Amino acid sequence: MRRLSLILIAIVAAAILYFLVMRKNAPPDVPFAKAARETIVSALTTNGKVEPLLWAAARAEVAGAVERTYVQRGQQVKKGAPLVQLDTATLNSDLAAAQARVAAAQAELQTLQQGGRSAEVASINGSLDAARQELTEAQREFETTERLKAKNAATGQEVTAARDRVERARLQIQSLQQRKTAQVSQPDLSAADARLREAQAAVTAARERIGMTSVRAPIGGTVYQFDLRSGSFVNPGDLVANIGQLQTVRIIVYVDEPDLGRVEPGMPATITWDAMPGRVWTGAVERKASQVVALGTRQVGEVSCVIENPDLNLLPGTNVNVEIRSKVVKNAVTIPNAALRREGGRTGVFVLNARRIQWHDVQLGVASVVRSQVLSGVNEGDSVALPTDRNLKDGMAVTPVYP
């Protein structure tokens with residue numbers, strides 16, 4: 001019995017040894033995939049950021065505290081619609097002061113145009129009336145004295161005295177007229193008129209500044225940036241809101257430098273957004289990148305795409321996923337990109353032939369993310385080796401496995 005057990009043990013050990021030897025010498029398992037005909041799309045996948053295609057900034061033109069807000073982010077507004085109202089108390093005081101200066105300037109100019117201050121003008125006019133009356137009487141006396149002298153009834157001395165009285169009256173009238181004229185000179189009138197115009201300009205400017213306290217939409221569209229609250233203070237030039245027409249948006253697409261040569265204007269582009277799974281927006285490349293810039297650890301060109309946004313869900317600043325389709329080839333022979341190997345500057349694949357692999361150089365066409373078009377070197381239905389931990393060599397026997 002003991003002898004029989006030993007024989008059985010020996011037989012089992014021999015069988016295991018035979019199996020191990022045979023397994024060691026068996027061709028290794030290698031995964032393969034079939035070359036197939038299909039439509040292949042060469043697509044470049046990257047990321048980008050949404051910008052409005054047409055937009056305008058509303059800015060404060062005067063300083064002031066926000067008294068009231070009329071809009072919020074995402075709201076649709078028409079051109080000229082009020083966005084915020086600034087406090088006008090200080091500007092109203094400026095307007096009242098300017099209006100007071102206008103009234104004073106108008107009164108001053110009217111006084112000058114009437115010949116000066118009324119009391120002084122009245123006094124001069126009274127003196128003129130008296131002087132004219134004096135002249136009339138002196139003239140009458142002079143004429144009477146001259147007639148009497150002609151009859152030898154008056155002396156020459158009396159005639160001279162009468163003539164002097166006439167002359168004094170004329171001189172007094174002339175003096176009073178000059179005094180009246182001197183009350184208002186042309187430079188005085190010009191200066192008063194200038195002061196009136198200056199005051200009127202101040203009123204106009206004050207009213208314009210009050211009008212500027214109502215900040216209005218420069219264009220119609222969507223308010224996509226607005227952060228002010230009642231009580232906020234703004235200075236001239238400060239941003240109040242950004243407004244854009246978002247039915248069509250621009251996507252700034254960040255294309256890695258090696259892929260820039262694949263992009264041309266007019267190529268179809270598809271946009272997706274992680275925040276709205278399943279939603280797709282479409283458009284086309286508008287223009288190629290004009291320069292290469294650093295983006296984190298990447299060197300990218302900023303390619304512009306124009307995308308239709310009919311529901312206005314893509315807001316400026318949104319980070320999106322972008323796929324640009326450069327070429328579409330129908331009925332192409334394709335293989336997985338993982339099957340491609342590069343050895344000694346050559347690109348090829350290992351093709352299965354009677355349980356052995358043969359190296360085939362390949363010429364490639366359009367490539368997608370996972371598959372490549374083969375123009376030569378592989379036929380439809382050929383099995384090509386996929387990556388394995390074995391070191392594959394031309395002519396090597398293998399056991400094909402199809403995942």
# chains A, B, ... in the order shown; residues from 1 in each chain; ligands from 1
$ residues_around --residues "region 63-65 of chain A" --least-positions-apart "2" --cutoff "10 Å" --atoms "only C-alpha atoms" --output "list in words"
Ala60, Glu61, Glu67, Arg68, Gln85, Leu86, Asp87, Thr88, Ala89, Thr90, Leu91, Arg209, Met212, Thr213, Arg229, Ser230, Gly231, Ser232, Phe233, Val234, Asn235, Pro236, Gly237 and Asp238 of chain A
$ residues_around --residues "Asp94 (chain A)" --least-positions-apart "6" --cutoff "9 Å" --atoms "only C-alpha atoms" --output "NGL selection string"
:A and (202-203 or 206)
$ closest_atom_pairs --of "region 248-367 of chain A" --to "region 42-53 of chain A" --cutoff "6 Å" --atoms "only C-alpha atoms" --output "JSON lines"
{"residue": "A:Val249", "atom": "CA", "partner": "A:Leu53", "partner_atom": "CA", "distance": 4.8}
{"residue": "A:Arg250", "atom": "CA", "partner": "A:Glu51", "partner_atom": "CA", "distance": 5.1}
{"residue": "A:Ile251", "atom": "CA", "partner": "A:Val50", "partner_atom": "CA", "distance": 4.6}
{"residue": "A:Ile252", "atom": "CA", "partner": "A:Gly48", "partner_atom": "CA", "distance": 5.3}
{"residue": "A:Val253", "atom": "CA", "partner": "A:Gly48", "partner_atom": "CA", "distance": 4.2}
{"residue": "A:Tyr254", "atom": "CA", "partner": "A:Gly48", "partner_atom": "CA", "distance": 5.6}
{"residue": "A:Pro316", "atom": "CA", "partner": "A:Glu51", "partner_atom": "CA", "distance": 4.6}
{"residue": "A:Gly317", "atom": "CA", "partner": "A:Val50", "partner_atom": "CA", "distance": 5.3}
{"residue": "A:Thr318", "atom": "CA", "partner": "A:Val50", "partner_atom": "CA", "distance": 5.3}
{"residue": "A:Asn319", "atom": "CA", "partner": "A:Lys49", "partner_atom": "CA", "distance": 4.6}
{"residue": "A:Val320", "atom": "CA", "partner": "A:Gly48", "partner_atom": "CA", "distance": 5.4}
{"residue": "A:Asn321", "atom": "CA", "partner": "A:Asn47", "partner_atom": "CA", "distance": 4.5}
{"residue": "A:Val322", "atom": "CA", "partner": "A:Asn47", "partner_atom": "CA", "distance": 5.2}
{"residue": "A:Glu323", "atom": "CA", "partner": "A:Thr45", "partner_atom": "CA", "distance": 4.5}
{"residue": "A:Ile324", "atom": "CA", "partner": "A:Leu44", "partner_atom": "CA", "distance": 5.1}
{"residue": "A:Arg325", "atom": "CA", "partner": "A:Ala43", "partner_atom": "CA", "distance": 4.4}
{"residue": "A:Ser326", "atom": "CA", "partner": "A:Ser42", "partner_atom": "CA", "distance": 5.6}
{"residue": "A:Lys327", "atom": "CA", "partner": "A:Ser42", "partner_atom": "CA", "distance": 5.1}
{"residue": "A:Val366", "atom": "CA", "partner": "A:Ser42", "partner_atom": "CA", "distance": 5.7}
{"residue": "A:Ala367", "atom": "CA", "partner": "A:Ser42", "partner_atom": "CA", "distance": 5.1}
$ closest_residue --among "A:Ser383, A:Gln139, A:Gln291, A:Asn313" --to "Phe350 (chain A)" --atoms "only C-alpha atoms"
A:Ser383
$ closest_residue --among "A:Asn242, A:Asn92, A:Thr334, A:Asn152" --to "Gly211 (chain A)" --atoms "only C-alpha atoms"
A:Asn92
$ residues_around --residues "Val349 (chain A)" --least-positions-apart "6" --cutoff "8 Å" --atoms "only C-alpha atoms" --output "list of chain:residue names"
A:Ala339, A:Leu340, A:Arg341, A:Trp359, A:His360, A:Asp361, A:Val362, A:Val384, A:Ala385
$ residues_around --residues "Arg168 (chain A)" --least-positions-apart "4" --cutoff "10 Å" --atoms "only C-alpha atoms" --output "PyMOL selection string"
chain A and resi 131+134-135+138+163-164+172-174
$ write_last_selection --atoms "N, CA, C and O atoms" --output "PDB file, in the first residue's frame"
ATOM      1  N   ALA A 131     -30.767 172.540 -14.896  1.00  0.00           N
ATOM      2  CA  ALA A 131     -29.773 173.228 -15.734  1.00  0.00           C
ATOM      3  C   ALA A 131     -30.382 173.654 -17.059  1.00  0.00           C
ATOM      4  O   ALA A 131     -30.067 174.734 -17.593  1.00  0.00           O
ATOM      5  N   GLU A 134     -32.411 176.636 -16.396  1.00  0.00           N
ATOM      6  CA  GLU A 134     -31.500 177.780 -16.213  1.00  0.00           C
ATOM      7  C   GLU A 134     -31.012 178.277 -17.558  1.00  0.00           C
ATOM      8  O   GLU A 134     -30.923 179.490 -17.808  1.00  0.00           O
ATOM      9  N   LEU A 135     -30.685 177.368 -18.470  1.00  0.00           N
ATOM     10  CA  LEU A 135     -30.210 177.754 -19.797  1.00  0.00           C
ATOM     11  C   LEU A 135     -31.299 178.515 -20.555  1.00  0.00           C
ATOM     12  O   LEU A 135     -31.016 179.513 -21.242  1.00  0.00           O
ATOM     13  N   ALA A 138     -31.499 181.968 -19.060  1.00  0.00           N
ATOM     14  CA  ALA A 138     -30.294 182.750 -19.391  1.00  0.00           C
ATOM     15  C   ALA A 138     -30.305 183.175 -20.843  1.00  0.00           C
ATOM     16  O   ALA A 138     -29.899 184.308 -21.189  1.00  0.00           O
ATOM     17  N   ARG A 163     -24.340 186.833 -21.373  1.00  0.00           N
ATOM     18  CA  ARG A 163     -23.714 185.773 -22.199  1.00  0.00           C
ATOM     19  C   ARG A 163     -23.006 184.752 -21.294  1.00  0.00           C
ATOM     20  O   ARG A 163     -23.049 183.535 -21.517  1.00  0.00           O
ATOM     21  N   ASP A 164     -22.297 185.226 -20.260  1.00  0.00           N
ATOM     22  CA  ASP A 164     -21.602 184.318 -19.338  1.00  0.00           C
ATOM     23  C   ASP A 164     -22.581 183.384 -18.635  1.00  0.00           C
ATOM     24  O   ASP A 164     -22.283 182.197 -18.391  1.00  0.00           O
ATOM     25  N   GLN A 172     -22.763 173.447 -17.435  1.00  0.00           N
ATOM     26  CA  GLN A 172     -23.338 172.589 -16.391  1.00  0.00           C
ATOM     27  C   GLN A 172     -24.092 171.405 -16.995  1.00  0.00           C
ATOM     28  O   GLN A 172     -23.984 170.269 -16.529  1.00  0.00           O
ATOM     29  N   ILE A 173     -24.855 171.701 -18.063  1.00  0.00           N
ATOM     30  CA  ILE A 173     -25.584 170.614 -18.743  1.00  0.00           C
ATOM     31  C   ILE A 173     -24.606 169.582 -19.301  1.00  0.00           C
ATOM     32  O   ILE A 173     -24.783 168.361 -19.169  1.00  0.00           O
ATOM     33  N   GLN A 174     -23.548 170.064 -19.945  1.00  0.00           N
ATOM     34  CA  GLN A 174     -22.538 169.155 -20.523  1.00  0.00           C
ATOM     35  C   GLN A 174     -21.901 168.298 -19.428  1.00  0.00           C
ATOM     36  O   GLN A 174     -21.699 167.111 -19.586  1.00  0.00           O
TER      37      GLN A 174
END
$ select_by_dssp --residues "region 75-106 of chain A" --states "helix (DSSP H, G or I)" --output "list of chain:residue names"
A:Ala89, A:Thr90, A:Leu91, A:Asn92, A:Ser93, A:Asp94, A:Leu95, A:Ala96, A:Ala97, A:Ala98, A:Gln99, A:Ala100, A:Arg101, A:Val102, A:Ala103, A:Ala104, A:Ala105, A:Gln106
$ write_last_selection --atoms "all heavy atoms" --output "tab-separated table (two decimals), in the first residue's frame"
chain	number	residue	atom	x	y	z
A	89	ALA	N	-28.21	115.35	-3.14
A	89	ALA	CA	-28.33	116.45	-2.18
A	89	ALA	C	-27.27	117.53	-2.41
A	89	ALA	O	-27.57	118.73	-2.49
A	89	ALA	CB	-28.25	115.92	-0.75
A	90	THR	N	-26.02	117.13	-2.51
A	90	THR	CA	-24.94	118.09	-2.70
A	90	THR	C	-25.09	118.82	-4.03
A	90	THR	O	-24.91	120.05	-4.11
A	90	THR	CB	-23.58	117.38	-2.65
A	90	THR	OG1	-23.44	116.75	-1.37
A	90	THR	CG2	-22.43	118.37	-2.84
A	91	LEU	N	-25.44	118.09	-5.08
A	91	LEU	CA	-25.58	118.72	-6.39
A	91	LEU	C	-26.78	119.66	-6.44
A	91	LEU	O	-26.75	120.68	-7.13
A	91	LEU	CB	-25.70	117.63	-7.47
A	91	LEU	CG	-24.46	116.76	-7.66
A	91	LEU	CD1	-24.72	115.68	-8.69
A	91	LEU	CD2	-23.26	117.60	-8.06
A	92	ASN	N	-27.84	119.33	-5.71
A	92	ASN	CA	-28.98	120.24	-5.65
A	92	ASN	C	-28.59	121.56	-4.98
A	92	ASN	O	-29.04	122.64	-5.39
A	92	ASN	CB	-30.13	119.59	-4.88
A	92	ASN	CG	-30.84	118.52	-5.71
A	92	ASN	OD1	-30.82	118.56	-6.94
A	92	ASN	ND2	-31.47	117.57	-5.04
A	93	SER	N	-27.73	121.49	-3.95
A	93	SER	CA	-27.24	122.71	-3.31
A	93	SER	C	-26.40	123.53	-4.28
A	93	SER	O	-26.50	124.76	-4.34
A	93	SER	CB	-26.42	122.35	-2.07
A	93	SER	OG	-27.22	121.69	-1.11
A	94	ASP	N	-25.56	122.83	-5.07
A	94	ASP	CA	-24.75	123.53	-6.07
A	94	ASP	C	-25.64	124.23	-7.10
A	94	ASP	O	-25.37	125.36	-7.52
A	94	ASP	CB	-23.82	122.55	-6.78
A	94	ASP	CG	-22.75	121.99	-5.84
A	94	ASP	OD1	-22.53	122.59	-4.77
A	94	ASP	OD2	-22.15	120.94	-6.18
A	95	LEU	N	-26.73	123.56	-7.48
A	95	LEU	CA	-27.65	124.15	-8.46
A	95	LEU	C	-28.32	125.40	-7.88
A	95	LEU	O	-28.43	126.42	-8.56
A	95	LEU	CB	-28.70	123.13	-8.88
A	95	LEU	CG	-29.81	123.64	-9.81
A	95	LEU	CD1	-29.22	124.17	-11.11
A	95	LEU	CD2	-30.83	122.54	-10.08
A	96	ALA	N	-28.77	125.31	-6.64
A	96	ALA	CA	-29.42	126.47	-6.02
A	96	ALA	C	-28.47	127.65	-5.92
A	96	ALA	O	-28.85	128.81	-6.19
A	96	ALA	CB	-29.94	126.09	-4.63
A	97	ALA	N	-27.21	127.40	-5.57
A	97	ALA	CA	-26.23	128.48	-5.48
A	97	ALA	C	-25.98	129.09	-6.86
A	97	ALA	O	-25.87	130.33	-7.00
A	97	ALA	CB	-24.92	127.95	-4.90
A	98	ALA	N	-25.90	128.27	-7.88
A	98	ALA	CA	-25.69	128.78	-9.24
A	98	ALA	C	-26.89	129.60	-9.71
A	98	ALA	O	-26.73	130.64	-10.37
A	98	ALA	CB	-25.42	127.62	-10.20
A	99	GLN	N	-28.09	129.16	-9.37
A	99	GLN	CA	-29.28	129.90	-9.76
A	99	GLN	C	-29.33	131.27	-9.06
A	99	GLN	O	-29.77	132.26	-9.64
A	99	GLN	CB	-30.53	129.09	-9.43
A	99	GLN	CG	-30.72	127.89	-10.36
A	99	GLN	CD	-31.85	126.98	-9.91
A	99	GLN	OE1	-32.14	126.87	-8.71
A	99	GLN	NE2	-32.50	126.33	-10.87
A	100	ALA	N	-28.86	131.32	-7.79
A	100	ALA	CA	-28.81	132.60	-7.08
A	100	ALA	C	-27.83	133.55	-7.74
A	100	ALA	O	-28.09	134.77	-7.86
A	100	ALA	CB	-28.43	132.36	-5.61
A	101	ARG	N	-26.71	133.02	-8.20
A	101	ARG	CA	-25.73	133.86	-8.89
A	101	ARG	C	-26.30	134.40	-10.20
A	101	ARG	O	-26.02	135.52	-10.61
A	101	ARG	CB	-24.44	133.08	-9.14
A	101	ARG	CG	-23.65	132.79	-7.87
A	101	ARG	CD	-22.21	132.39	-8.19
A	101	ARG	NE	-22.13	131.18	-8.99
A	101	ARG	CZ	-22.13	129.95	-8.48
A	101	ARG	NH1	-22.21	129.78	-7.16
A	101	ARG	NH2	-22.02	128.90	-9.25
A	102	VAL	N	-27.10	133.60	-10.89
A	102	VAL	CA	-27.75	134.06	-12.12
A	102	VAL	C	-28.69	135.23	-11.82
A	102	VAL	O	-28.69	136.25	-12.53
A	102	VAL	CB	-28.53	132.91	-12.80
A	102	VAL	CG1	-29.45	133.45	-13.89
A	102	VAL	CG2	-27.56	131.91	-13.41
A	103	ALA	N	-29.49	135.10	-10.77
A	103	ALA	CA	-30.43	136.17	-10.43
A	103	ALA	C	-29.69	137.47	-10.10
A	103	ALA	O	-30.09	138.56	-10.54
A	103	ALA	CB	-31.30	135.74	-9.25
A	104	ALA	N	-28.59	137.38	-9.34
A	104	ALA	CA	-27.82	138.57	-8.99
A	104	ALA	C	-27.18	139.20	-10.22
A	104	ALA	O	-27.19	140.43	-10.39
A	104	ALA	CB	-26.74	138.20	-7.97
A	105	ALA	N	-26.66	138.37	-11.11
A	105	ALA	CA	-26.01	138.89	-12.32
A	105	ALA	C	-27.03	139.55	-13.24
A	105	ALA	O	-26.75	140.56	-13.88
A	105	ALA	CB	-25.28	137.75	-13.04
A	106	GLN	N	-28.23	138.96	-13.33
A	106	GLN	CA	-29.27	139.56	-14.17
A	106	GLN	C	-29.68	140.93	-13.63
A	106	GLN	O	-29.87	141.88	-14.39
A	106	GLN	CB	-30.48	138.63	-14.22
A	106	GLN	CG	-30.28	137.40	-15.09
A	106	GLN	CD	-31.45	136.45	-15.02
A	106	GLN	OE1	-32.17	136.40	-14.02
A	106	GLN	NE2	-31.63	135.67	-16.08
$ closest_residue --among "A:Pro218, A:Pro336, A:Gly345, A:Pro27" --to "Pro387 (chain A)" --atoms "only C-alpha atoms"
A:Pro336
$ closest_residue --among "A:Gly344, A:Pro28, A:Gly126, A:Gly283" --to "Glu308 (chain A)" --atoms "only C-alpha atoms"
A:Gly283
$ closest_residue --among "A:Ala36, A:Met276, A:Val71, A:Ala56" --to "Ile219 (chain A)" --atoms "only C-alpha atoms"
A:Ala56
$ residues_around --residues "Leu364 (chain A)" --least-positions-apart "4" --cutoff "9 Å" --atoms "only C-alpha atoms" --output "PDB file with C-alpha atoms, in the first residue's frame"
ATOM      1  CA  THR A 347       5.506  54.002 -36.791  1.00  0.00           C
ATOM      2  CA  SER A 372      -6.582  56.540 -35.902  1.00  0.00           C
ATOM      3  CA  GLN A 373      -7.225  56.134 -39.606  1.00  0.00           C
ATOM      4  CA  VAL A 374      -4.767  53.786 -41.341  1.00  0.00           C
ATOM      5  CA  LEU A 375      -4.055  54.685 -44.964  1.00  0.00           C
ATOM      6  CA  SER A 376      -1.673  51.761 -45.612  1.00  0.00           C
TER       7      SER A 376
END
$ residues_around --residues "Val370 (chain A)" --least-positions-apart "5" --cutoff "9 Å" --atoms "only C-alpha atoms" --output "ChimeraX atom specification"
/A:335-338
$ write_last_selection --atoms "C-alpha atoms" --output "PDB file, in the first residue's frame"
ATOM      1  CA  ILE A 335      -7.337  50.928 -35.310  1.00  0.00           C
ATOM      2  CA  PRO A 336      -7.016  51.833 -31.615  1.00  0.00           C
ATOM      3  CA  ASN A 337      -4.351  54.439 -30.891  1.00  0.00           C
ATOM      4  CA  ALA A 338      -3.028  52.095 -28.209  1.00  0.00           C
TER       5      ALA A 338
END
$ residues_around --residues "Ala289 (chain A)" --least-positions-apart "3" --cutoff "9 Å" --atoms "only C-alpha atoms" --output "list in words"
Val255, Leu260, Val292, Val300, Gly301, Glu302, Val303 and Ser304 of chain A
$ write_last_selection --atoms "C-alpha atoms" --output "compact mmCIF listing (two decimals), in the first residue's frame"
# COMPACT_ATOMS: atom_id res chain seq x y z
CA VAL A 255 -5.33 75.22 -27.44
CA LEU A 260 -2.50 74.94 -33.00
CA VAL A 292 1.28 81.70 -27.54
CA VAL A 300 -1.43 77.75 -25.26
CA GLY A 301 -2.83 79.84 -28.06
CA GLU A 302 -6.13 81.62 -27.46
CA VAL A 303 -8.44 80.54 -30.29
CA SER A 304 -11.77 82.37 -30.66
